[in-house]
Amino acid sequence: MQLFSAEVNMADNQTHSIERDKFLTMAVNILHRAFIEAPRTDAKNLFKQVAEGKAVPLTKVEMEDKSVVRFDLALDHSEYPGTLNYSAFRTSLATTLGNLVNALQNKQNIPSFTAQNQPNNQIIGITGVTVEDDEPSVMVLSVQTADREAAVLLRPMYLDYEQFQRSQQQAEGGESTA
């Protein structure tokens with residue numbers, strides 16, 4: 001049983017570990033409810049807020065031990081090629097969430113990446129690749145836990161798709177043009 005390594009700090013300064021698959025399932029469900037199941041107007045308004053750089057509270061979840069964790073939402077679209085609109089975001093998110101669900105259902109080993117200087121911030125290594133106006137984009141989910149409070153920040157983020165092309169070219173023994 002793999003635990004989510006960025007543990008959640010509770011209000012009483014205790015740290016609680018959550019099974020990784022259980023945590024990812026919660027995250028997928030929260031994002032799905034906020035953008036896929038929600039009425040389009042509500043989801044679009046939420047998108048506008050996070051696209052402007054705001055962190056928005058999404059929900060509070062009561063854990064098995066009766067403690068409560070707040071889930072917030074932010075968006076990093078700095079690497080999105082072009083101007084991001086709601087429809088493109090929703091397609092990217094639905095693809096990413098679908099790929100995460102498939103990985104969880106197939107009991108895949110889902111990689112995650114943590115920066116050395118940011119141990120509370122993890123990038124989940126399942127991507128959602130979409131194409132909008134002939135431009136590919138790559139979305140992943142970043143998860144950040146707060147140091148001193150029972151809060152988790154879910155941050156869908158776009159990565160530079162060209163880095164994947166360069167990696168593929170190098171893996172095939174080709175030259176990178178970048």
# chains A, B, ... in the order shown; residues from 1 in each chain; ligands from 1
>>> residues_around(residues="region 27-37 of chain A", least_positions_apart="4", cutoff="8 Å", atoms="only C-alpha atoms", output="PyMOL selection string")
chain A and resi 23+43-44+58-59+90+94+97+100-101+154
>>> residues_around(residues="region 45-54 of chain A", least_positions_apart="4", cutoff="8 Å", atoms="only C-alpha atoms", output="ChimeraX atom specification")
/A:41,73-77,86
>>> select_by_dssp(residues="region 7-171 of chain A", states="alpha helix (DSSP H)", output="ChimeraX atom specification")
/A:20-32,40-51,86-105,161-171
>>> write_last_selection(atoms="C-alpha atoms", output="JSON list (two decimals), in the first residue's frame")
[["chain", "number", "residue", "atom", "x", "y", "z"],
["A", 20, "ARG", "CA", -1.96, 7.38, -2.52],
["A", 21, "ASP", "CA", -4.64, 5.74, -4.67],
["A", 22, "LYS", "CA", -7.35, 6.91, -2.26],
["A", 23, "PHE", "CA", -5.96, 10.46, -2.34],
["A", 24, "LEU", "CA", -5.76, 10.53, -6.15],
["A", 25, "THR", "CA", -9.31, 9.16, -6.38],
["A", 26, "MET", "CA", -10.49, 11.99, -4.10],
["A", 27, "ALA", "CA", -8.64, 14.57, -6.21],
["A", 28, "VAL", "CA", -10.09, 13.21, -9.46],
["A", 29, "ASN", "CA", -13.61, 13.19, -8.01],
["A", 30, "ILE", "CA", -13.31, 16.74, -6.68],
["A", 31, "LEU", "CA", -12.07, 18.10, -10.02],
["A", 32, "HIS", "CA", -14.66, 16.08, -11.95],
["A", 40, "ARG", "CA", -21.39, 24.89, -17.51],
["A", 41, "THR", "CA", -21.90, 28.42, -16.16],
["A", 42, "ASP", "CA", -20.57, 27.48, -12.72],
["A", 43, "ALA", "CA", -17.60, 25.59, -14.15],
["A", 44, "LYS", "CA", -16.79, 28.42, -16.54],
["A", 45, "ASN", "CA", -16.89, 30.99, -13.72],
["A", 46, "LEU", "CA", -14.55, 28.81, -11.67],
["A", 47, "PHE", "CA", -12.23, 28.51, -14.68],
["A", 48, "LYS", "CA", -12.17, 32.31, -15.10],
["A", 49, "GLN", "CA", -11.10, 32.76, -11.48],
["A", 50, "VAL", "CA", -8.24, 30.27, -11.62],
["A", 51, "ALA", "CA", -7.18, 31.41, -15.11],
["A", 86, "TYR", "CA", -12.63, 27.23, -21.14],
["A", 87, "SER", "CA", -13.41, 24.58, -23.77],
["A", 88, "ALA", "CA", -9.74, 23.76, -24.33],
["A", 89, "PHE", "CA", -9.14, 23.64, -20.57],
["A", 90, "ARG", "CA", -12.13, 21.37, -19.98],
["A", 91, "THR", "CA", -10.98, 19.00, -22.73],
["A", 92, "SER", "CA", -7.45, 18.90, -21.27],
["A", 93, "LEU", "CA", -8.77, 18.32, -17.76],
["A", 94, "ALA", "CA", -11.22, 15.60, -18.85],
["A", 95, "THR", "CA", -8.40, 13.82, -20.70],
["A", 96, "THR", "CA", -6.03, 14.09, -17.73],
["A", 97, "LEU", "CA", -8.68, 12.89, -15.28],
["A", 98, "GLY", "CA", -9.66, 10.03, -17.61],
["A", 99, "ASN", "CA", -6.03, 8.92, -17.87],
["A", 100, "LEU", "CA", -5.67, 9.07, -14.08],
["A", 101, "VAL", "CA", -8.83, 6.98, -13.63],
["A", 102, "ASN", "CA", -7.54, 4.39, -16.12],
["A", 103, "ALA", "CA", -4.18, 4.23, -14.32],
["A", 104, "LEU", "CA", -5.90, 3.81, -10.95],
["A", 105, "GLN", "CA", -8.32, 1.16, -12.23],
["A", 161, "TYR", "CA", 4.92, 19.91, -25.00],
["A", 162, "GLU", "CA", 8.14, 20.52, -26.95],
["A", 163, "GLN", "CA", 10.18, 19.09, -24.07],
["A", 164, "PHE", "CA", 8.46, 15.74, -24.72],
["A", 165, "GLN", "CA", 9.28, 15.97, -28.44],
["A", 166, "ARG", "CA", 12.93, 16.72, -27.62],
["A", 167, "SER", "CA", 13.06, 13.82, -25.16],
["A", 168, "GLN", "CA", 11.54, 11.49, -27.76],
["A", 169, "GLN", "CA", 14.00, 12.65, -30.43],
["A", 170, "GLN", "CA", 16.93, 12.16, -28.09],
["A", 171, "ALA", "CA", 15.67, 8.71, -27.06]]
>>> closest_residue(among="A:Pro119, A:Pro39, A:Pro156, A:Gly82", to="Val140 (chain A)", atoms="only C-alpha atoms")
A:Pro156
>>> atom_distance(atom1="CA of Ala150 (chain A)", atom2="CA of Gln118 (chain A)")
17.4 Å
>>> atom_distance(atom1="CA of Thr145 (chain A)", atom2="CA of Asn117 (chain A)")
13.9 Å
>>> residues_around(residues="Ser112 (chain A)", least_positions_apart="6", cutoff="6 Å", atoms="only C-alpha atoms", output="ChimeraX atom specification")
/A:123-125
>>> write_last_selection(atoms="C-alpha atoms", output="mmCIF file, in the first residue's frame")
data_model
loop_
_atom_site.group_PDB
_atom_site.id
_atom_site.type_symbol
_atom_site.label_atom_id
_atom_site.label_comp_id
_atom_site.auth_asym_id
_atom_site.auth_seq_id
_atom_site.Cartn_x
_atom_site.Cartn_y
_atom_site.Cartn_z
ATOM 1 C CA ILE A 123 3.565 16.562 -9.879
ATOM 2 C CA ILE A 124 1.595 13.433 -10.706
ATOM 3 C CA GLY A 125 3.191 11.715 -13.704
#
>>> select_by_dssp(residues="region 30-147 of chain A", states="strand (DSSP E)", output="ChimeraX atom specification")
/A:56-62,68-73,112-115,118-132,135-145
>>> atom_distance(atom1="CA of Phe113 (chain A)", atom2="CA of Val131 (chain A)")
24.7 Å
>>> closest_residue(among="A:Ser137, A:Asn120, A:Ser78, A:Ser17", to="Glu64 (chain A)", atoms="only C-alpha atoms")
A:Ser17
